[in-house]
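This is coords31.txt (compact mmCIF, C-alpha atoms).
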```
# COMPACT_ATOMS: atom_id res chain seq x y z
CA MET A 1 -26.15 8.87 26.07
CA THR A 2 -23.27 11.22 26.90
CA GLU A 3 -21.37 12.64 23.93
CA PHE A 4 -17.74 12.93 25.03
CA THR A 5 -15.46 15.61 23.64
CA LEU A 6 -12.89 14.06 21.34
CA SER A 7 -9.30 15.13 20.76
CA ASP A 8 -8.43 17.70 18.13
CA ARG A 9 -6.14 15.20 16.41
CA VAL A 10 -8.84 12.61 15.76
CA GLN A 11 -11.06 15.29 14.26
CA LEU A 12 -8.32 16.13 11.73
CA ILE A 13 -8.63 12.75 10.03
CA LYS A 14 -11.26 10.61 8.34
CA PRO A 15 -11.88 6.86 8.47
CA SER A 16 -9.94 4.78 5.95
CA PRO A 17 -11.98 4.94 2.71
CA THR A 18 -10.93 1.45 1.63
CA LEU A 19 -12.01 -0.06 4.94
CA ALA A 20 -15.25 1.96 4.79
CA VAL A 21 -16.08 0.56 1.33
CA THR A 22 -15.33 -2.99 2.45
CA THR A 23 -17.49 -2.56 5.55
CA ARG A 24 -20.39 -1.14 3.52
CA ALA A 25 -20.17 -4.03 1.05
CA ARG A 26 -20.24 -6.50 3.95
CA GLU A 27 -23.31 -4.79 5.42
CA LEU A 28 -25.17 -4.97 2.11
CA ARG A 29 -24.33 -8.65 1.72
CA ALA A 30 -25.72 -9.26 5.21
CA GLN A 31 -28.96 -7.70 3.96
CA GLY A 32 -29.08 -10.25 1.16
CA ARG A 33 -27.67 -8.00 -1.59
CA ASP A 34 -25.43 -9.65 -4.21
CA VAL A 35 -22.51 -7.24 -3.83
CA ILE A 36 -19.23 -7.80 -5.65
CA GLY A 37 -16.43 -6.28 -3.57
CA LEU A 38 -13.55 -4.83 -5.57
CA GLY A 39 -12.49 -2.36 -2.92
CA ALA A 40 -10.10 -4.26 -0.68
CA GLY A 41 -6.37 -4.47 -1.34
CA GLU A 42 -6.15 -8.14 -0.51
CA PRO A 43 -4.95 -11.11 -2.60
CA ASP A 44 -7.66 -13.73 -3.11
CA PHE A 45 -5.07 -16.52 -2.86
CA ASP A 46 -4.85 -18.56 0.34
CA THR A 47 -1.75 -18.35 2.52
CA PRO A 48 0.61 -21.15 1.38
CA GLN A 49 0.27 -24.35 3.36
CA ASN A 50 3.87 -24.44 4.60
CA ILE A 51 3.33 -21.03 6.21
CA LYS A 52 0.10 -22.12 7.90
CA ASP A 53 1.83 -25.32 9.09
CA ALA A 54 4.61 -23.23 10.66
CA ALA A 55 2.01 -21.28 12.63
CA VAL A 56 0.31 -24.46 13.85
CA ASP A 57 3.68 -25.88 14.85
CA ALA A 58 4.50 -22.68 16.76
CA ILE A 59 1.29 -23.04 18.74
CA ALA A 60 2.07 -26.70 19.47
CA ARG A 61 5.53 -25.69 20.72
CA GLY A 62 4.06 -23.10 23.07
CA MET A 63 5.23 -19.99 21.21
CA THR A 64 2.30 -18.06 22.63
CA ARG A 65 4.04 -15.57 24.87
CA TYR A 66 5.44 -12.06 24.51
CA THR A 67 8.39 -11.62 22.22
CA ALA A 68 10.87 -8.76 22.13
CA VAL A 69 9.09 -5.54 21.16
CA ASP A 70 10.97 -5.30 17.86
CA GLY A 71 10.46 -8.95 16.86
CA THR A 72 11.97 -12.36 17.51
CA PRO A 73 15.71 -12.61 16.82
CA GLU A 74 15.01 -15.33 14.24
CA LEU A 75 12.54 -13.20 12.27
CA LYS A 76 14.74 -10.11 12.43
CA GLN A 77 17.63 -12.17 11.07
CA ALA A 78 15.37 -13.48 8.28
CA VAL A 79 14.40 -9.91 7.39
CA LEU A 80 18.04 -8.88 7.39
CA ASP A 81 18.91 -11.86 5.17
CA LYS A 82 16.02 -11.04 2.83
CA PHE A 83 17.30 -7.49 2.28
CA SER A 84 20.81 -8.79 1.59
CA ARG A 85 19.70 -11.62 -0.71
CA GLU A 86 16.98 -9.89 -2.72
CA ASN A 87 17.92 -6.20 -2.57
CA GLY A 88 21.67 -6.11 -2.02
CA LEU A 89 21.11 -3.98 1.10
CA ASP A 90 23.11 -4.77 4.22
CA TYR A 91 21.89 -3.88 7.71
CA ASP A 92 22.57 -5.02 11.24
CA LEU A 93 19.90 -6.18 13.68
CA SER A 94 19.74 -2.79 15.39
CA GLN A 95 18.37 -1.40 12.11
CA ILE A 96 15.42 -3.82 11.86
CA LEU A 97 11.95 -3.49 13.41
CA VAL A 98 9.07 -5.96 13.06
CA SER A 99 5.60 -4.49 13.49
CA ALA A 100 1.93 -5.45 13.13
CA GLY A 101 1.83 -4.79 9.38
CA ALA A 102 3.60 -2.40 7.02
CA LYS A 103 1.02 0.27 7.92
CA HIS A 104 2.11 -0.05 11.54
CA SER A 105 5.75 0.38 10.52
CA LEU A 106 4.83 3.54 8.57
CA TYR A 107 2.80 4.85 11.50
CA ASN A 108 5.67 4.26 13.94
CA MET A 109 8.12 5.99 11.59
CA ILE A 110 5.95 9.07 11.07
CA MET A 111 5.20 9.36 14.79
CA ALA A 112 8.90 9.04 15.59
CA LEU A 113 10.03 11.61 13.03
CA ILE A 114 7.31 14.20 12.46
CA GLY A 115 6.43 17.03 14.82
CA GLU A 116 4.13 20.01 14.74
CA GLY A 117 4.41 21.84 11.40
CA ASP A 118 6.94 19.44 9.83
CA GLU A 119 6.29 18.82 6.15
CA VAL A 120 6.00 15.44 4.45
CA ILE A 121 6.11 15.22 0.64
CA ILE A 122 3.58 12.74 -0.72
CA PRO A 123 3.17 12.08 -4.46
CA ALA A 124 -0.46 11.82 -5.61
CA PRO A 125 -2.24 9.59 -6.33
CA TYR A 126 -1.27 8.24 -2.91
CA TRP A 127 -2.22 5.42 -0.59
CA VAL A 128 -5.13 6.68 1.46
CA SER A 129 -3.46 6.55 4.89
CA TYR A 130 -0.31 8.58 4.22
CA PRO A 131 -1.80 12.09 4.66
CA ASP A 132 -3.93 11.20 7.67
CA ILE A 133 -1.08 9.57 9.58
CA VAL A 134 1.00 12.71 8.94
CA LYS A 135 -1.86 14.85 10.29
CA LEU A 136 -2.11 12.66 13.40
CA ALA A 137 1.55 13.42 14.07
CA GLY A 138 0.92 17.16 13.74
CA GLY A 139 2.66 17.37 10.38
CA LYS A 140 1.63 18.91 7.09
CA PRO A 141 1.18 16.72 3.98
CA VAL A 142 2.66 18.41 0.91
CA ILE A 143 0.97 16.80 -2.07
CA VAL A 144 2.85 16.61 -5.39
CA GLU A 145 0.45 15.70 -8.16
CA ALA A 146 1.19 13.30 -11.00
CA ASP A 147 -1.35 12.59 -13.72
CA MET A 148 -2.05 9.92 -16.30
CA ALA A 149 0.04 11.75 -18.91
CA SER A 150 3.13 11.36 -16.71
CA GLY A 151 2.36 7.73 -15.98
CA PHE A 152 1.44 8.82 -12.44
CA LEU A 153 5.13 9.47 -11.71
CA ILE A 154 6.48 12.73 -10.32
CA THR A 155 9.52 14.42 -11.85
CA PRO A 156 12.76 15.55 -10.18
CA ASP A 157 11.76 19.17 -10.82
CA GLN A 158 8.47 18.65 -8.99
CA LEU A 159 10.26 17.07 -6.06
CA ALA A 160 12.84 19.85 -5.89
CA ALA A 161 10.12 22.51 -5.92
CA ALA A 162 8.26 20.81 -3.07
CA ILE A 163 11.21 20.62 -0.66
CA SER A 164 11.37 23.42 1.90
CA GLU A 165 13.26 24.09 5.11
CA LYS A 166 10.40 22.33 6.93
CA THR A 167 10.58 19.11 4.91
CA LYS A 168 11.40 16.10 7.09
CA LEU A 169 10.17 13.15 5.02
CA PHE A 170 9.51 12.07 1.43
CA ILE A 171 7.29 9.00 0.90
CA LEU A 172 7.83 6.93 -2.24
CA ASN A 173 5.60 3.95 -3.05
CA SER A 174 6.64 1.85 -6.06
CA PRO A 175 4.85 -0.24 -7.27
CA SER A 176 2.13 2.19 -6.32
CA ASN A 177 -1.21 1.77 -4.65
CA PRO A 178 -3.55 2.84 -6.29
CA THR A 179 -2.05 3.30 -9.76
CA GLY A 180 0.33 0.35 -10.19
CA ALA A 181 2.93 2.81 -11.48
CA VAL A 182 6.57 1.79 -11.10
CA TYR A 183 9.66 4.02 -11.07
CA SER A 184 12.52 2.68 -13.18
CA ARG A 185 16.07 2.61 -11.87
CA GLY A 186 16.88 5.64 -14.02
CA GLN A 187 13.91 7.58 -12.69
CA LEU A 188 14.89 6.75 -9.12
CA GLU A 189 18.45 7.88 -9.82
CA ALA A 190 17.09 11.19 -11.08
CA LEU A 191 15.04 11.69 -7.91
CA GLY A 192 18.14 10.71 -5.95
CA GLU A 193 20.08 13.57 -7.54
CA VAL A 194 17.62 15.97 -5.89
CA LEU A 195 17.56 14.20 -2.53
CA ARG A 196 21.35 14.03 -2.34
CA GLU A 197 21.27 17.80 -1.81
CA HIS A 198 18.96 17.37 1.20
CA PRO A 199 20.53 14.89 3.64
CA GLU A 200 18.15 16.12 6.37
CA VAL A 201 15.17 14.60 4.51
CA LEU A 202 14.40 10.98 5.34
CA ILE A 203 13.16 8.94 2.36
CA ALA A 204 10.52 6.31 3.12
CA SER A 205 10.45 3.58 0.47
CA ASP A 206 7.16 1.70 0.78
CA ASP A 207 7.97 -1.58 -0.96
CA ILE A 208 4.94 -3.66 0.06
CA TYR A 209 4.15 -4.55 -3.59
CA GLU A 210 7.78 -5.41 -4.39
CA HIS A 211 7.03 -8.89 -5.72
CA VAL A 212 3.75 -8.07 -7.50
CA LEU A 213 5.55 -6.72 -10.54
CA TRP A 214 5.81 -7.50 -14.27
CA THR A 215 8.31 -5.01 -15.67
CA ASP A 216 11.23 -6.10 -17.84
CA GLU A 217 13.54 -4.47 -15.30
CA PRO A 218 13.82 -6.20 -11.91
CA PHE A 219 12.46 -4.51 -8.80
CA THR A 220 14.52 -1.55 -7.65
CA ASN A 221 13.94 0.83 -4.76
CA ILE A 222 15.72 4.13 -4.24
CA ALA A 223 18.26 2.68 -1.79
CA MET A 224 19.23 0.10 -4.44
CA ALA A 225 19.34 2.66 -7.26
CA CYS A 226 21.28 5.21 -5.20
CA PRO A 227 23.52 3.32 -2.75
CA GLU A 228 24.99 6.59 -1.47
CA LEU A 229 21.52 7.45 -0.12
CA LYS A 230 21.05 4.19 1.81
CA ASP A 231 21.64 5.82 5.20
CA GLN A 232 18.93 8.34 4.32
CA VAL A 233 16.32 5.70 3.44
CA MET A 234 13.80 3.81 5.58
CA VAL A 235 12.68 0.72 3.66
CA ILE A 236 9.27 -0.60 4.67
CA ASN A 237 7.86 -3.94 3.57
CA GLY A 238 5.87 -6.91 4.85
CA VAL A 239 4.45 -10.31 4.06
CA SER A 240 0.84 -9.29 3.36
CA LYS A 241 0.84 -9.05 -0.43
CA ALA A 242 3.55 -11.39 -1.70
CA TYR A 243 2.55 -14.26 0.59
CA ALA A 244 -1.23 -13.62 0.79
CA MET A 245 -0.92 -12.96 4.53
CA THR A 246 -2.95 -9.79 4.99
CA GLY A 247 -4.67 -10.96 8.18
CA TRP A 248 -1.48 -12.16 9.82
CA ARG A 249 -0.35 -8.52 10.26
CA ILE A 250 3.42 -8.62 9.92
CA GLY A 251 5.42 -5.75 8.46
CA TYR A 252 9.01 -4.69 8.91
CA ALA A 253 11.27 -1.69 8.50
CA ALA A 254 15.00 -1.22 7.96
CA GLY A 255 16.84 2.06 8.15
CA PRO A 256 18.77 4.55 10.29
CA ALA A 257 19.37 3.04 13.72
CA ASN A 258 18.32 6.13 15.68
CA VAL A 259 14.96 6.28 13.88
CA ILE A 260 14.44 2.53 14.36
CA ARG A 261 15.15 2.98 18.09
CA ALA A 262 12.54 5.72 18.27
CA MET A 263 10.04 3.57 16.38
CA ARG A 264 10.71 0.71 18.79
CA LYS A 265 10.04 3.06 21.73
CA ILE A 266 6.69 4.11 20.26
CA GLN A 267 5.74 0.51 19.51
CA GLY A 268 6.69 -0.45 23.06
CA GLN A 269 4.19 2.05 24.43
CA SER A 270 1.39 1.11 22.04
CA THR A 271 1.08 -2.42 20.69
CA SER A 272 4.31 -3.95 21.99
CA ASN A 273 5.33 -6.98 19.89
CA ALA A 274 3.55 -8.26 16.80
CA ALA A 275 1.71 -11.55 17.41
CA SER A 276 4.15 -14.35 18.20
CA ILE A 277 2.33 -16.90 16.02
CA SER A 278 2.26 -14.51 13.08
CA GLN A 279 6.00 -13.94 13.49
CA ALA A 280 6.62 -17.68 13.27
CA ALA A 281 4.54 -17.80 10.09
CA ALA A 282 6.41 -14.81 8.62
CA LEU A 283 9.73 -16.51 9.38
CA GLU A 284 8.64 -19.46 7.24
CA ALA A 285 7.39 -17.11 4.52
CA LEU A 286 10.78 -15.39 4.23
CA THR A 287 12.96 -18.48 4.60
CA GLY A 288 10.81 -21.20 3.01
CA PRO A 289 9.99 -21.98 -0.63
CA GLN A 290 9.26 -18.95 -2.80
CA ASP A 291 7.67 -20.85 -5.71
CA PHE A 292 4.19 -19.68 -4.70
CA ILE A 293 4.88 -16.12 -5.83
CA PRO A 294 5.44 -16.33 -9.63
CA PRO A 295 2.16 -18.15 -10.45
CA MET A 296 0.22 -15.68 -8.29
CA VAL A 297 1.83 -12.71 -10.03
CA GLU A 298 1.15 -14.26 -13.44
CA ALA A 299 -2.53 -14.62 -12.50
CA PHE A 300 -2.63 -10.95 -11.51
CA LYS A 301 -1.02 -9.98 -14.82
CA VAL A 302 -3.64 -11.94 -16.79
CA ARG A 303 -6.41 -10.24 -14.83
CA HIS A 304 -4.75 -6.85 -15.28
CA ASP A 305 -4.65 -7.23 -19.05
CA HIS A 306 -8.26 -8.37 -19.19
CA VAL A 307 -9.65 -5.68 -16.87
CA VAL A 308 -7.76 -2.81 -18.54
CA ASP A 309 -8.97 -3.94 -21.96
CA ARG A 310 -12.58 -4.18 -20.84
CA LEU A 311 -12.57 -0.85 -19.00
CA ASN A 312 -11.17 0.92 -22.04
CA ARG A 313 -14.13 -0.30 -24.08
CA ILE A 314 -16.60 1.58 -21.86
CA ASP A 315 -17.62 5.00 -23.17
CA GLY A 316 -16.21 7.80 -21.04
CA VAL A 317 -13.64 5.57 -19.31
CA SER A 318 -9.88 5.58 -19.87
CA CYS A 319 -7.57 3.12 -18.11
CA GLN A 320 -3.80 3.13 -18.38
CA PRO A 321 -1.97 -0.22 -18.17
CA CYS A 322 0.28 -0.53 -15.13
CA ALA A 323 3.34 -2.52 -14.19
CA GLY A 324 2.46 -4.02 -10.83
CA THR A 325 0.10 -4.42 -7.84
CA PHE A 326 -3.43 -5.75 -8.35
CA TYR A 327 -5.26 -2.51 -9.06
CA ALA A 328 -6.58 -0.76 -12.12
CA PHE A 329 -7.06 3.00 -11.79
CA PRO A 330 -9.35 4.18 -14.59
CA ASP A 331 -10.40 7.76 -15.25
CA PHE A 332 -14.21 7.97 -15.15
CA SER A 333 -14.42 11.74 -15.63
CA GLY A 334 -15.83 11.36 -19.14
CA ALA A 335 -18.55 9.04 -17.89
CA ILE A 336 -19.36 11.35 -14.99
CA SER A 337 -19.82 14.34 -17.27
CA GLY A 338 -22.31 12.38 -19.37
CA ILE A 339 -24.62 11.49 -16.48
CA ASP A 340 -27.34 13.93 -15.41
CA ASN A 341 -26.92 15.30 -11.87
CA MET A 342 -23.63 13.41 -11.41
CA THR A 343 -20.74 15.65 -10.38
CA ASN A 344 -17.88 13.53 -9.04
CA ASP A 345 -16.34 10.12 -8.42
CA LEU A 346 -17.73 9.93 -4.88
CA GLU A 347 -21.28 10.15 -6.18
CA LEU A 348 -20.52 7.75 -9.03
CA SER A 349 -19.01 5.13 -6.70
CA ALA A 350 -22.01 5.37 -4.38
CA TRP A 351 -24.38 4.99 -7.34
CA ILE A 352 -22.48 1.97 -8.66
CA LEU A 353 -22.62 0.33 -5.23
CA ASP A 354 -26.32 1.00 -4.68
CA SER A 355 -27.51 0.31 -8.24
CA ALA A 356 -25.03 -2.16 -9.72
CA GLU A 357 -23.95 -3.73 -6.42
CA VAL A 358 -20.22 -3.36 -7.13
CA ALA A 359 -18.03 -1.91 -4.38
CA LEU A 360 -15.16 0.31 -5.59
CA VAL A 361 -13.02 3.01 -4.00
CA PRO A 362 -13.39 6.57 -5.40
CA GLY A 363 -10.23 8.24 -6.63
CA THR A 364 -10.78 11.26 -4.40
CA ALA A 365 -9.66 9.05 -1.50
CA PHE A 366 -6.28 8.76 -3.23
CA GLY A 367 -5.99 12.42 -4.15
CA ALA A 368 -7.21 11.80 -7.73
CA PRO A 369 -10.76 13.08 -8.32
CA GLY A 370 -12.52 11.56 -11.30
CA PHE A 371 -10.74 8.20 -10.98
CA ILE A 372 -11.92 4.97 -9.37
CA ARG A 373 -9.76 2.13 -8.04
CA PHE A 374 -10.60 -1.43 -9.10
CA SER A 375 -9.01 -4.30 -7.21
CA TYR A 376 -8.69 -7.31 -9.51
CA ALA A 377 -7.71 -9.63 -6.69
CA THR A 378 -10.54 -12.00 -7.61
CA ASP A 379 -11.33 -14.44 -10.41
CA LEU A 380 -11.99 -13.44 -14.02
CA LYS A 381 -15.62 -14.57 -13.94
CA THR A 382 -16.35 -12.26 -11.02
CA LEU A 383 -14.44 -9.40 -12.65
CA ASP A 384 -16.42 -9.81 -15.87
CA GLU A 385 -19.69 -9.82 -13.96
CA ALA A 386 -18.70 -6.64 -12.11
CA ILE A 387 -17.70 -4.82 -15.30
CA ASP A 388 -20.86 -6.02 -17.06
CA ARG A 389 -22.96 -4.51 -14.29
CA ILE A 390 -21.11 -1.20 -14.43
CA GLU A 391 -21.24 -1.03 -18.21
CA ASN A 392 -24.99 -1.74 -18.24
CA LEU A 393 -25.62 0.84 -15.54
CA LEU A 394 -23.72 3.54 -17.44
CA LYS A 395 -25.57 2.71 -20.67
CA GLY A 396 -28.83 3.37 -18.85
```
As structure tokens, what does this structure read like?
Amino acid sequence: MTEFTLSDRVQLIKPSPTLAVTTRARELRAQGRDVIGLGAGEPDFDTPQNIKDAAVDAIARGMTRYTAVDGTPELKQAVLDKFSRENGLDYDLSQILVSAGAKHSLYNMIMALIGEGDEVIIPAPYWVSYPDIVKLAGGKPVIVEADMASGFLITPDQLAAAISEKTKLFILNSPSNPTGAVYSRGQLEALGEVLREHPEVLIASDDIYEHVLWTDEPFTNIAMACPELKDQVMVINGVSKAYAMTGWRIGYAAGPANVIRAMRKIQGQSTSNAASISQAAALEALTGPQDFIPPMVEAFKVRHDHVVDRLNRIDGVSCQPCAGTFYAFPDFSGAISGIDNMTNDLELSAWILDSAEVALVPGTAFGAPGFIRFSYATDLKTLDEAIDRIENLLKG
């Protein structure tokens, strides 16, 4: 079979580690292995019935054709109303774009903004796709490292030191995947003091875990904390996490009109509109009852507390409590150092999958060697079984 020469850009990047882990777990299950998958970032709750009913109704009404590239007028208005109602942020329709997931919105933004050699500041640990999307655009990821001692939060001094004349974009994800770390309003204001001196730098606020939060302080993004920076911020969100709609693939962005126009142009030459049926479902999600969310978040908080407690009881493992998302991000470096011929989290994760049949994502994928990401988006019985297996494997 002919081996075709691939583009330079595709050879710069690697497959998504989270998708790779999920695929490998699925393959092992197909072979009859009893694999527990804790790799995917996906709520285990079903999409609420009213949202599914809205999709069925849309099909019955023949809403099966192309929509405007940037989304139906009704959904764009619902997004605009959501930002006003929940975040105190006012936009007009020209500043809203609906895409096939929040990842798609991020991809469109980076492709619209970043050129060859442009720098993008990304705090680490980071969501796995940020650096690779930047590389696809020809840009350079500038990684700013935060550790457990800092609560996985970068400081204003770190941000200031990372900004150069080539900086075009700063990506901020709070609550954070993979750490669950959350920036307070005061911490965002302090970062805003730095960014105010650099109006040429666009700030991307990835708010996809906005509602999966249990801090005493209500959710705040940098545009809310620093209203004077609003015109410098692209807010990206979606329905995947809060409404258990990962497979529906609806995300949205709000920000500077000229960047939104460029994103719309790119989307028009790639995917065109997001699925019409999914848009109808997302409209119901944003405008319908919201009482589904608090019980789901409470369940995640209960699981969080349980998983963090259990992980901290394992020799060589240290896990910091977090304030949102549905991930624990424990440090396994102590355990790794105590295992013969084991050198890193990649090897440890592979060993856990092959020997304990638990699928996890190694921290190296998130720019944090020695750590491993646990998704606790499953029931407590399954989580206990997974941790039992890991604990027994490490005890030898």
From the list A:Ser184, A:Ser99, A:Ser7, A:Asn273, the nearest residue to Pro218 (chain A) using only C-alpha atoms is A:Ser184
Skipping near chain neighbours, those fewer than 6 positions away, what residues fall within 10 Å of Glu193 (chain A) using only C-alpha atoms, listed as a PyMOL selection string? chain A and resi 156+160+226+229
- Task: List the neighbours of Asp384 (chain A) out to 9 Å using only C-alpha atoms; skip same-chain residues closer than 3 positions along the sequence, and give me the result as number ranges by chain.
- Result: A: 306-307, 310, 379-381, 387-389
Using only C-alpha atoms, tabulate the residues of region 40-114 of chain A lying at most 12 Å from any atom of region 327-340 of chain A, each with its closest atom pair and that distance in Å to one decimal, by chain and increasing residue number, as a Markdown table.
```
| residue | atom | partner | partner_atom | distance |
| --- | --- | --- | --- | --- |
| A:Ala40 | CA | A:Tyr327 | CA | 9.8 |
| A:Gly41 | CA | A:Tyr327 | CA | 8.0 |
| A:Glu42 | CA | A:Tyr327 | CA | 10.3 |
| A:Pro43 | CA | A:Tyr327 | CA | 10.8 |
```
Point to revise | Proximity to Ala285 (chain A) - best of A:Ile122, A:Ala242, A:Val69, A:Val212, only C-alpha atoms | key: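 For Ala285 (chain A), the nearest of the given residues is A:Ala242.
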Within 12 Å of Lys76 (chain A), counting only C-alpha atoms, which residues show up once you throw out same-chain ones fewer than 4 positions away? Write them as number ranges by chain, please.
A: 67-72, 80-83, 91-99, 250-254, 279-280, 282-283, 286-287
Deliver the residues from the most recent selection as a file, using C-alpha atoms, as a short mmCIF file (atom, residue, chain, number, x, y, z; two decimals), keeping the file's coordinate frame.
```
data_model
loop_
_atom_site.label_atom_id
_atom_site.label_comp_id
_atom_site.auth_asym_id
_atom_site.auth_seq_id
_atom_site.Cartn_x
_atom_site.Cartn_y
_atom_site.Cartn_z
CA THR A 67 8.39 -11.62 22.22
CA ALA A 68 10.87 -8.76 22.13
CA VAL A 69 9.09 -5.54 21.16
CA ASP A 70 10.97 -5.30 17.86
CA GLY A 71 10.46 -8.95 16.86
CA THR A 72 11.97 -12.36 17.51
CA LEU A 80 18.04 -8.88 7.39
CA ASP A 81 18.91 -11.86 5.17
CA LYS A 82 16.02 -11.04 2.83
CA PHE A 83 17.30 -7.49 2.28
CA TYR A 91 21.89 -3.88 7.71
CA ASP A 92 22.57 -5.02 11.24
CA LEU A 93 19.90 -6.18 13.68
CA SER A 94 19.74 -2.79 15.39
CA GLN A 95 18.37 -1.40 12.11
CA ILE A 96 15.42 -3.82 11.86
CA LEU A 97 11.95 -3.49 13.41
CA VAL A 98 9.07 -5.96 13.06
CA SER A 99 5.60 -4.49 13.49
CA ILE A 250 3.42 -8.62 9.92
CA GLY A 251 5.42 -5.75 8.46
CA TYR A 252 9.01 -4.69 8.91
CA ALA A 253 11.27 -1.69 8.50
CA ALA A 254 15.00 -1.22 7.96
CA GLN A 279 6.00 -13.94 13.49
CA ALA A 280 6.62 -17.68 13.27
CA ALA A 282 6.41 -14.81 8.62
CA LEU A 283 9.73 -16.51 9.38
CA LEU A 286 10.78 -15.39 4.23
CA THR A 287 12.96 -18.48 4.60
#
```
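Going from CA of Val239 (chain A) to CA of Ile372 (chain A) covers 26.1 Å.
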| query | CA of Glu197 (chain A) and CA of Asn258 (chain A), how far apart in Å? | reply |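 Separation of CA of Asn258 (chain A) and CA of Glu197 (chain A): 21.2 Å.
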**Asked** In terms of the shortest atom-to-atom distance over all atoms listed in the file, which of A:Leu191, A:Val120, A:Val10, A:Ala386 is closest to Glu357 (chain A)?
**Response**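 Among A:Leu191, A:Val120, A:Val10, A:Ala386, it is A:Ala386 that comes nearest to Glu357 (chain A).
Using only C-alpha atoms, the nearest neighbour of Phe371 (chain A) within the list A:Asn341, A:Thr179, A:Ser174, A:Ser240 is A:Thr179.
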Which is closest to His304 (chain A) among A:Phe374, A:Ile236, A:Glu200, A:Phe292, if we use only C-alpha atoms?
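Nearest candidate to His304 (chain A) out of A:Phe374, A:Ile236, A:Glu200, A:Phe292: A:Phe374.
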One-decimal distance in Å that lies between CA of Ala223 (chain A) and CA of Gln158 (chain A):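 Separation between CA of Gln158 (chain A) and CA of Ala223 (chain A): 20.1 Å.
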Kindly indicate which residue among A:Ala161, A:Ile171, A:Asp44, A:Pro125 lies nearest to Val297 (chain A), using all atoms listed in the file for the distances.
->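 For Val297 (chain A), the nearest of the candidates is A:Asp44.
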Counting all atoms listed in the file, what is within 12 Å of Asp305 (chain A), bar same-chain residues fewer than 5 positions away, as JSON, numbers by chain?
{"A": [214, 298, 299, 300, 310, 311, 312, 319, 320, 321, 322, 323, 324, 326, 327, 328, 376, 380, 383]}
**Prompt:** Counting all atoms listed in the file, what is within 10 Å of Asp118 (chain A), bar same-chain residues fewer than 5 positions away, as a VMD selection string?
**Reply:** chain A and resid 113 134 to 135 137 to 142 164 to 169
Could you rebuild region 122-133 of chain A with N, CA and C atoms and give me the result as an mmCIF file, in the frame of the given file?
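Contents of rebuild-v8.cif, freshly written:
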```
data_model
loop_
_atom_site.group_PDB
_atom_site.id
_atom_site.type_symbol
_atom_site.label_atom_id
_atom_site.label_comp_id
_atom_site.auth_asym_id
_atom_site.auth_seq_id
_atom_site.Cartn_x
_atom_site.Cartn_y
_atom_site.Cartn_z
ATOM 1 N N ILE A 122 4.314 13.939 -0.335
ATOM 2 C CA ILE A 122 3.580 12.740 -0.720
ATOM 3 C C ILE A 122 3.130 12.870 -2.176
ATOM 4 N N PRO A 123 3.659 12.057 -3.077
ATOM 5 C CA PRO A 123 3.170 12.080 -4.460
ATOM 6 C C PRO A 123 1.717 11.596 -4.530
ATOM 7 N N ALA A 124 0.929 12.233 -5.379
ATOM 8 C CA ALA A 124 -0.460 11.820 -5.610
ATOM 9 C C ALA A 124 -0.593 11.346 -7.044
ATOM 10 N N PRO A 125 -1.396 10.314 -7.272
ATOM 11 C CA PRO A 125 -2.240 9.590 -6.330
ATOM 12 C C PRO A 125 -1.414 8.849 -5.262
ATOM 13 N N TYR A 126 -1.977 8.814 -4.053
ATOM 14 C CA TYR A 126 -1.270 8.240 -2.910
ATOM 15 C C TYR A 126 -2.141 7.203 -2.219
ATOM 16 N N TRP A 127 -1.479 6.339 -1.458
ATOM 17 C CA TRP A 127 -2.220 5.420 -0.590
ATOM 18 C C TRP A 127 -2.970 6.238 0.444
ATOM 19 N N VAL A 128 -4.201 5.837 0.710
ATOM 20 C CA VAL A 128 -5.130 6.680 1.460
ATOM 21 C C VAL A 128 -4.632 7.096 2.840
ATOM 22 N N SER A 129 -3.815 6.285 3.493
ATOM 23 C CA SER A 129 -3.460 6.550 4.890
ATOM 24 C C SER A 129 -2.297 7.515 5.081
ATOM 25 N N TYR A 130 -1.481 7.723 4.037
ATOM 26 C CA TYR A 130 -0.310 8.580 4.220
ATOM 27 C C TYR A 130 -0.664 9.957 4.795
ATOM 28 N N PRO A 131 -1.550 10.734 4.152
ATOM 29 C CA PRO A 131 -1.800 12.090 4.660
ATOM 30 C C PRO A 131 -2.378 12.108 6.066
ATOM 31 N N ASP A 132 -3.282 11.169 6.357
ATOM 32 C CA ASP A 132 -3.930 11.200 7.670
ATOM 33 C C ASP A 132 -2.975 10.822 8.792
ATOM 34 N N ILE A 133 -2.066 9.894 8.541
ATOM 35 C CA ILE A 133 -1.080 9.570 9.580
ATOM 36 C C ILE A 133 -0.189 10.787 9.843
#
```
